[in-house]
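In what follows, a structure is listed as structure tokens, so that the remarks can point back to it.
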Amino acid sequence: MSGPSSAKDVEISSRADLLEFLTTGVRPEADWKIGTEHEKFGFRTDDLRPPGFDGERGIEALLKGLVQFGWEPVSENGRVIALSRDGASVSLEPAGQLELSGAPLDNLHQTCHEAATHLREVRSVAEPMGLGFLGMGFQPKWRREEMPWMPKGRYRIMREYMPKVGDLGLDMMTRTSTVQVNLDVASEADMVKKFRVSLALQSIATALFADSPFTEGRPNGFLSYRSHIWTDTDADRTGLLDFVFEDGFGYERYVDYLLDVPMYFVYRDGEYLDASGQSFRDFMDGRLPVYPGHRPLLRDWADHSTTAFPEVRLKKYLEMRGADSGPWNRICALPAFWVGLLYDATALDAAWDLVKDFSLEELHALRDGVPRHAFKLPFRDGTVLDVARRALAIAAHGLSRRARRNAEGADETRYLEPLMEFVEAGITPAERKLELFHGPWRGSVDPVFTEFAY
């Protein structure tokens, strides 16, 4: 989740300012970048419990330890709650899940190097503290009540609001981790096409990356329980956006959607004012109950745009949000999948041909069924696995045509190899862990913290 926006303190004078904020992200293909984000669970190596914020083995101490690598600390109320360096940031999710929001980079080789460097730095600080980190979509062992809370103002507001609008919102906050990628667009028409393709295929990505089969030490009946949790978090700000597939969709329609998403907060003078459930439209009119007589600044709109959580989110770029977190090679694979599909014109056309006749009923059936069944979910005359094979092949051809090579001459298709292996085997990462649970692990999830730690 994002921190306070760095957008300018300029008062919004009209709806056109809201629209302009989104459209200023348009850039020519030569300037397209790749921004990859991933989250991971911390754990104490002696008892596997998640570390709290305070103390010698706490998350703040870890962040302070990372400063030695050139990171600049970011504080809130005198506490270090994030780091920044060269366009990247390290931040905290509500229960201390550590997130790297990567810098905008030119190719996937740089992305993978960035992730590897970050994990190496974290490990060098964490190991002497007796801490480890795990990439999965859902906390496999501990109950919600056993998860710590980080001292960030926006999380306090969300913590109080979430139970009013869904049963699983607090689980989303404290017990989920994801990997996602932010990608650019060249025009409004390009944005619309990419938005529709990525929304239609987001459930396929969920299946490819499904890795959250355990809850509180036992199988939970899902392969991506993280994905299921979003179905009962907050219907006002989550899910598929059917209107994206309607004729005439564009930036203006998305602005209308964001205006209808209830607010969480207003950030002023280092404090979060609780505006949960209130209307940004009222804010525009100077009638926000928590902040009467004041109108929003551009950074308020930027902040508000981060509080919508659909399967694909539009900010100044498109953000793919459907995947469970996982090990290092899948942190590289997620951006590879979407870059291959969306950053090559031929691949984008092929991906659109694949999904353009998917009905809304089919898209919702995929969204509802994939978290439990993944590849095995029936779809038309086959299964989700068949669609995944086709999408992966399109992505591979797209990356091959991009022809971005590393020093050894290898192109970016190499980063799809983990996904190719899962598709060839016809099983997800979650199913592999379930096999271990019922076999060598003898009904315990504890080995996941050693065998799958970074």
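Every chain in the structure tokens takes a letter, A first, then B, and so on in the order presented; its residues are numbered from 1, and the ligands are numbered from 1 following the presented order.
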ask   = Hey, what's within 12 Å of A:Trp441 if we count only C-alpha atoms and toss same-chain stuff fewer than 5 positions away? As a count of residues only, please?
value = 13
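Within stretch 111-259 of chain A, the backbone-based DSSP assignment of strand (DSSP E) covers A:Leu131, A:Gly132, A:Phe133, A:Leu134, A:Thr178, A:Val179, A:Gln180, A:Val181, A:Asn182, A:Leu183, A:Phe214, A:Thr215, A:Arg218, A:Pro219, A:Thr238, A:Gly239.
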Could you please take those selected residues and save C-alpha atoms as a short mmCIF file (atom, residue, chain, number, x, y, z; two decimals), in the first residue's frame?
data_model
loop_
_atom_site.label_atom_id
_atom_site.label_comp_id
_atom_site.auth_asym_id
_atom_site.auth_seq_id
_atom_site.Cartn_x
_atom_site.Cartn_y
_atom_site.Cartn_z
CA LEU A 131 14.79 -12.86 11.02
CA GLY A 132 13.83 -14.44 7.72
CA PHE A 133 11.47 -13.59 4.88
CA LEU A 134 8.99 -15.68 2.92
CA THR A 178 1.42 -9.87 -3.60
CA VAL A 179 3.70 -9.14 -6.54
CA GLN A 180 2.57 -6.65 -9.15
CA VAL A 181 3.85 -4.59 -12.06
CA ASN A 182 3.19 -1.03 -13.23
CA LEU A 183 3.22 -0.43 -16.98
CA PHE A 214 -2.83 -22.69 3.92
CA THR A 215 -4.61 -20.86 6.72
CA ARG A 218 -4.03 -26.23 7.56
CA PRO A 219 -5.16 -26.44 3.92
CA THR A 238 -12.50 -3.96 -5.38
CA GLY A 239 -13.26 -6.51 -8.09
#
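Computed from the coordinates, the atom CA of A:Glu99 to atom CA of A:Gly369 distance equals 28.1 Å.
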key: Long-range neighbours of A:Phe222 as a PyMOL selection string, 6 Å cut-off, only C-alpha atoms, 3 positions minimum in chain   = chain A and resi 213+225+371-372
Spatial neighbours of A:Asp256, max dist 12 Å, only C-alpha atoms, sep filter under 4 positions, as a list of chain:residue names =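 So the residues in contact are A:Arg15, A:Ala16, A:Leu18, A:Leu19, A:Phe243, A:Val244, A:Phe249, A:Gly250, A:Tyr251, A:Glu252, A:Asp260, A:Val261, A:Phe280, A:Arg281, A:Ser305.
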How about saving the chosen residues, C-alpha atoms kept, as a short mmCIF file (atom, residue, chain, number, x, y, z; two decimals), in the first residue's frame?
data_model
loop_
_atom_site.label_atom_id
_atom_site.label_comp_id
_atom_site.auth_asym_id
_atom_site.auth_seq_id
_atom_site.Cartn_x
_atom_site.Cartn_y
_atom_site.Cartn_z
CA ARG A 15 -12.94 18.09 -12.58
CA ALA A 16 -10.56 18.72 -15.47
CA LEU A 18 -8.58 15.20 -11.90
CA LEU A 19 -8.58 14.07 -15.51
CA PHE A 243 -17.55 -0.56 -17.18
CA VAL A 244 -14.05 -0.88 -18.65
CA PHE A 249 -14.71 3.86 -21.80
CA GLY A 250 -11.76 6.16 -21.23
CA TYR A 251 -10.06 8.35 -18.67
CA GLU A 252 -13.23 10.33 -17.90
CA ASP A 260 -17.59 7.21 -6.35
CA VAL A 261 -15.03 5.27 -4.26
CA PHE A 280 -14.46 13.06 -2.62
CA ARG A 281 -17.24 14.86 -4.49
CA SER A 305 -6.42 7.01 -6.36
#
query = What gap, in Å, lies between atom CA of A:Ala275 and atom CA of A:Pro289?
reply = 7.7 Å
Counting only C-alpha atoms, which residues of stretch 90-198 of chain A fall within 10 Å of stretch 26-48 of chain A, and what is the closest atom pair for each with its distance in Å at one decimal, ordered by chain and rising number, as CSV?
residue,atom,partner,partner_atom,distance
A:Val90,CA,A:Glu37,CA,9.6
A:Ser91,CA,A:Glu39,CA,9.2
A:Leu92,CA,A:Glu39,CA,8.7
A:Glu93,CA,A:Glu39,CA,8.0
A:Ala95,CA,A:Phe41,CA,8.8
A:Gly96,CA,A:Gly42,CA,7.3
A:Gln97,CA,A:Phe41,CA,4.9
A:Leu98,CA,A:Lys40,CA,5.5
A:Glu99,CA,A:Glu39,CA,4.3
A:Leu100,CA,A:Glu37,CA,5.5
A:Ser101,CA,A:Glu37,CA,4.4
A:Gly102,CA,A:Thr36,CA,5.2
A:Ala103,CA,A:Gly35,CA,5.8
A:Pro104,CA,A:Gly35,CA,4.6
A:Leu105,CA,A:Ile34,CA,5.1
A:Asp106,CA,A:Lys33,CA,5.2
A:Asn107,CA,A:Ile34,CA,6.8
A:Leu108,CA,A:Ile34,CA,7.6
A:Gln110,CA,A:Ile34,CA,9.3
A:Thr111,CA,A:Thr36,CA,7.0
A:Cys112,CA,A:Thr36,CA,9.3
A:Glu114,CA,A:Thr36,CA,9.3
A:Ala115,CA,A:Thr36,CA,8.7
A:Ala126,CA,A:Gly42,CA,9.2
A:Glu127,CA,A:Thr45,CA,8.7
A:Met129,CA,A:Arg44,CA,8.5
A:Gly130,CA,A:Thr45,CA,5.5
A:Leu131,CA,A:Arg44,CA,4.5
A:Gly132,CA,A:Phe43,CA,5.3
A:Phe133,CA,A:Gly42,CA,4.5
A:Leu134,CA,A:Phe41,CA,5.1
A:Gly135,CA,A:Lys40,CA,4.9
A:Met136,CA,A:Lys40,CA,7.1
A:Gly137,CA,A:Lys40,CA,8.6
A:Phe138,CA,A:Phe41,CA,8.8
A:Gln139,CA,A:Phe41,CA,7.3
A:Pro140,CA,A:Phe41,CA,10.0
A:Lys141,CA,A:Leu48,CA,8.7
A:Trp142,CA,A:Leu48,CA,9.1
A:Thr174,CA,A:Phe41,CA,9.8
A:Arg175,CA,A:Phe41,CA,8.4
A:Thr176,CA,A:Phe41,CA,8.5
A:Ser177,CA,A:Glu39,CA,5.1
A:Thr178,CA,A:Glu39,CA,5.5
A:Val179,CA,A:His38,CA,4.1
A:Gln180,CA,A:Glu37,CA,5.3
A:Val181,CA,A:Thr36,CA,4.4
A:Asn182,CA,A:Gly35,CA,4.9
A:Leu183,CA,A:Ile34,CA,5.6
A:Asp184,CA,A:Trp32,CA,5.5
A:Val185,CA,A:Val26,CA,5.5
A:Ala186,CA,A:Arg27,CA,5.0
A:Ser187,CA,A:Val26,CA,5.7
A:Glu188,CA,A:Val26,CA,7.7
A:Asp190,CA,A:Val26,CA,9.4
A:Met191,CA,A:Val26,CA,8.6
Given the selection you just returned, output its residues as a file containing C-alpha atoms, formatted as an mmCIF file, in the first residue's frame.
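Now in selection_25.cif:
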data_model
loop_
_atom_site.group_PDB
_atom_site.id
_atom_site.type_symbol
_atom_site.label_atom_id
_atom_site.label_comp_id
_atom_site.auth_asym_id
_atom_site.auth_seq_id
_atom_site.Cartn_x
_atom_site.Cartn_y
_atom_site.Cartn_z
ATOM 1 C CA VAL A 90 10.946 0.056 0.835
ATOM 2 C CA SER A 91 7.741 0.330 2.818
ATOM 3 C CA LEU A 92 5.575 -1.573 5.268
ATOM 4 C CA GLU A 93 2.230 -3.236 4.816
ATOM 5 C CA ALA A 95 1.335 -6.234 9.642
ATOM 6 C CA GLY A 96 4.928 -5.506 8.710
ATOM 7 C CA GLN A 97 5.018 -7.239 5.346
ATOM 8 C CA LEU A 98 8.076 -5.693 3.734
ATOM 9 C CA GLU A 99 7.480 -4.210 0.284
ATOM 10 C CA LEU A 100 9.932 -3.171 -2.391
ATOM 11 C CA SER A 101 8.408 -0.670 -4.822
ATOM 12 C CA GLY A 102 10.984 -0.789 -7.560
ATOM 13 C CA ALA A 103 12.279 2.091 -9.639
ATOM 14 C CA PRO A 104 10.964 2.587 -13.195
ATOM 15 C CA LEU A 105 13.367 0.482 -15.274
ATOM 16 C CA ASP A 106 13.971 -0.164 -18.969
ATOM 17 C CA ASN A 107 13.990 -3.953 -19.104
ATOM 18 C CA LEU A 108 13.385 -7.133 -17.147
ATOM 19 C CA GLN A 110 17.296 -4.682 -14.602
ATOM 20 C CA THR A 111 14.088 -5.581 -12.766
ATOM 21 C CA CYS A 112 15.383 -8.994 -11.762
ATOM 22 C CA GLU A 114 16.927 -4.942 -8.597
ATOM 23 C CA ALA A 115 14.888 -7.617 -6.801
ATOM 24 C CA ALA A 126 17.902 -9.794 8.827
ATOM 25 C CA GLU A 127 20.049 -12.875 9.454
ATOM 26 C CA MET A 129 18.700 -10.301 13.855
ATOM 27 C CA GLY A 130 17.325 -13.825 13.680
ATOM 28 C CA LEU A 131 14.790 -12.856 11.017
ATOM 29 C CA GLY A 132 13.833 -14.444 7.717
ATOM 30 C CA PHE A 133 11.466 -13.586 4.881
ATOM 31 C CA LEU A 134 8.992 -15.681 2.924
ATOM 32 C CA GLY A 135 7.180 -15.047 -0.342
ATOM 33 C CA MET A 136 3.631 -16.481 -0.423
ATOM 34 C CA GLY A 137 0.194 -15.059 -1.053
ATOM 35 C CA PHE A 138 -1.178 -15.660 2.448
ATOM 36 C CA GLN A 139 0.362 -16.070 5.892
ATOM 37 C CA PRO A 140 0.368 -19.888 6.248
ATOM 38 C CA LYS A 141 0.551 -20.268 10.022
ATOM 39 C CA TRP A 142 -0.579 -17.419 12.255
ATOM 40 C CA THR A 174 -2.419 -8.328 7.778
ATOM 41 C CA ARG A 175 -2.079 -11.715 6.127
ATOM 42 C CA THR A 176 -1.666 -11.221 2.359
ATOM 43 C CA SER A 177 1.315 -10.511 0.124
ATOM 44 C CA THR A 178 1.419 -9.874 -3.604
ATOM 45 C CA VAL A 179 3.697 -9.139 -6.538
ATOM 46 C CA GLN A 180 2.565 -6.647 -9.155
ATOM 47 C CA VAL A 181 3.852 -4.585 -12.060
ATOM 48 C CA ASN A 182 3.191 -1.029 -13.234
ATOM 49 C CA LEU A 183 3.219 -0.433 -16.983
ATOM 50 C CA ASP A 184 2.907 2.637 -19.194
ATOM 51 C CA VAL A 185 0.508 3.596 -21.963
ATOM 52 C CA ALA A 186 1.023 5.617 -25.159
ATOM 53 C CA SER A 187 -2.446 7.130 -25.515
ATOM 54 C CA GLU A 188 -5.992 6.870 -24.250
ATOM 55 C CA ASP A 190 -3.681 2.257 -25.857
ATOM 56 C CA MET A 191 -4.728 2.512 -22.208
#
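Coordinates place atom CA of A:Asp282 at a distance of 18.6 Å from atom CA of A:Arg253.
Proximity to A:Glu160 at 10 Å, evaluated using only C-alpha atoms and with sequence-adjacent residues fewer than 4 positions away removed, yields Tyr155, Arg156, Lys164, Leu170, Asp274 and Ser276 of chain A.
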Can you write out the residues you just picked, keeping N, CA and C atoms, as a CSV table (one decimal), in the first residue's frame?
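Saved as selection.csv:
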chain,number,residue,atom,x,y,z
A,155,TYR,N,-3.2,3.2,8.2
A,155,TYR,CA,-3.6,1.8,8.6
A,155,TYR,C,-4.5,1.8,9.8
A,156,ARG,N,-4.4,2.7,10.7
A,156,ARG,CA,-5.3,2.8,11.9
A,156,ARG,C,-6.7,3.1,11.4
A,164,LYS,N,-16.5,-2.7,8.7
A,164,LYS,CA,-17.9,-2.2,8.4
A,164,LYS,C,-18.3,-2.5,7.0
A,170,LEU,N,-9.6,-7.2,7.1
A,170,LEU,CA,-8.4,-7.2,8.1
A,170,LEU,C,-7.4,-8.3,7.7
A,274,ASP,N,-9.4,11.2,9.6
A,274,ASP,CA,-10.3,10.1,9.3
A,274,ASP,C,-11.5,10.5,8.5
A,276,SER,N,-13.1,8.3,6.5
A,276,SER,CA,-13.6,7.0,6.0
A,276,SER,C,-15.1,7.0,5.7
inquiry  = Which residue is closest to A:Pro148? Choose from A:Val255, A:Leu288, A:Ile59, A:Ala351 and count only C-alpha atoms.
reply    =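 Nearest to A:Pro148: A:Ile59.
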message = Which of stretch 144-179 of chain A end up as helix (DSSP H, G or I) when DSSP is run on this backbone - answer as a VMD selection string?
response = chain A and resid 144 to 146 153 to 165 169 to 175
Counting only C-alpha atoms, the residue of A:Tyr317, A:Trp352, A:Tyr343, A:Trp301 that sits nearest A:Gly398 =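 Looking at the shortest contact to A:Gly398, the residue is A:Tyr343.
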Residue contacts of A:Leu223 (9 Å, only C-alpha atoms) excluding same-chain residues fewer than 5 positions away, as a PDB file with N, CA and C atoms, in the first residue's frame:
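Printed below is around_20.pdb as written:
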ATOM      1  N   ALA A 207      -4.125 -17.719 -11.473  1.00  0.00           N
ATOM      2  CA  ALA A 207      -3.903 -19.161 -11.542  1.00  0.00           C
ATOM      3  C   ALA A 207      -2.421 -19.492 -11.670  1.00  0.00           C
ATOM      4  N   ALA A 210      -0.777 -18.853  -8.260  1.00  0.00           N
ATOM      5  CA  ALA A 210      -1.517 -19.285  -7.073  1.00  0.00           C
ATOM      6  C   ALA A 210      -0.587 -19.948  -6.055  1.00  0.00           C
ATOM      7  N   ASP A 211      -0.488 -19.352  -4.873  1.00  0.00           N
ATOM      8  CA  ASP A 211       0.440 -19.854  -3.863  1.00  0.00           C
ATOM      9  C   ASP A 211      -0.009 -19.436  -2.468  1.00  0.00           C
ATOM     10  N   SER A 212      -1.268 -19.734  -2.140  1.00  0.00           N
ATOM     11  CA  SER A 212      -1.741 -19.451  -0.777  1.00  0.00           C
ATOM     12  C   SER A 212      -2.767 -20.502  -0.356  1.00  0.00           C
ATOM     13  N   PRO A 213      -2.315 -21.759  -0.179  1.00  0.00           N
ATOM     14  CA  PRO A 213      -3.249 -22.839   0.121  1.00  0.00           C
ATOM     15  C   PRO A 213      -3.449 -23.137   1.603  1.00  0.00           C
ATOM     16  N   PHE A 214      -2.759 -22.381   2.486  1.00  0.00           N
ATOM     17  CA  PHE A 214      -2.826 -22.689   3.922  1.00  0.00           C
ATOM     18  C   PHE A 214      -3.379 -21.512   4.717  1.00  0.00           C
ATOM     19  N   VAL A 370     -11.340 -19.264 -10.076  1.00  0.00           N
ATOM     20  CA  VAL A 370      -9.897 -19.497 -10.114  1.00  0.00           C
ATOM     21  C   VAL A 370      -9.259 -19.565  -8.727  1.00  0.00           C
ATOM     22  N   PRO A 371      -9.645 -18.728  -7.759  1.00  0.00           N
ATOM     23  CA  PRO A 371      -8.989 -18.824  -6.450  1.00  0.00           C
ATOM     24  C   PRO A 371      -9.049 -20.223  -5.834  1.00  0.00           C
ATOM     25  N   ARG A 372     -10.117 -20.959  -6.111  1.00  0.00           N
ATOM     26  CA  ARG A 372     -10.237 -22.303  -5.553  1.00  0.00           C
ATOM     27  C   ARG A 372      -9.653 -23.374  -6.483  1.00  0.00           C
ATOM     28  N   HIS A 373      -9.875 -23.244  -7.794  1.00  0.00           N
ATOM     29  CA  HIS A 373      -9.554 -24.340  -8.721  1.00  0.00           C
ATOM     30  C   HIS A 373      -8.371 -24.066  -9.636  1.00  0.00           C
ATOM     31  N   ALA A 374      -7.991 -22.814  -9.825  1.00  0.00           N
ATOM     32  CA  ALA A 374      -6.845 -22.424 -10.657  1.00  0.00           C
ATOM     33  C   ALA A 374      -6.909 -23.074 -12.042  1.00  0.00           C
ATOM     34  N   THR A 428      -0.124 -25.854  -9.936  1.00  0.00           N
ATOM     35  CA  THR A 428       0.276 -24.540  -9.448  1.00  0.00           C
ATOM     36  C   THR A 428       1.303 -24.663  -8.323  1.00  0.00           C
ATOM     37  N   PRO A 429       1.953 -23.546  -7.970  1.00  0.00           N
ATOM     38  CA  PRO A 429       2.835 -23.571  -6.793  1.00  0.00           C
ATOM     39  C   PRO A 429       2.106 -24.033  -5.542  1.00  0.00           C
ATOM     40  N   ALA A 430       0.844 -23.647  -5.398  1.00  0.00           N
ATOM     41  CA  ALA A 430       0.074 -24.054  -4.221  1.00  0.00           C
ATOM     42  C   ALA A 430      -0.070 -25.567  -4.153  1.00  0.00           C
ATOM     43  N   GLU A 431      -0.344 -26.193  -5.299  1.00  0.00           N
ATOM     44  CA  GLU A 431      -0.525 -27.651  -5.305  1.00  0.00           C
ATOM     45  C   GLU A 431       0.769 -28.373  -4.986  1.00  0.00           C
TER      46      GLU A 431
END
inquiry  = Under the rule that only C-alpha atoms are counted, which of A:Glu424, A:Asp236, A:Val266, A:Phe309 is the nearest residue to A:Pro292?
reply    =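 Closest to A:Pro292, using only C-alpha atoms: A:Val266.
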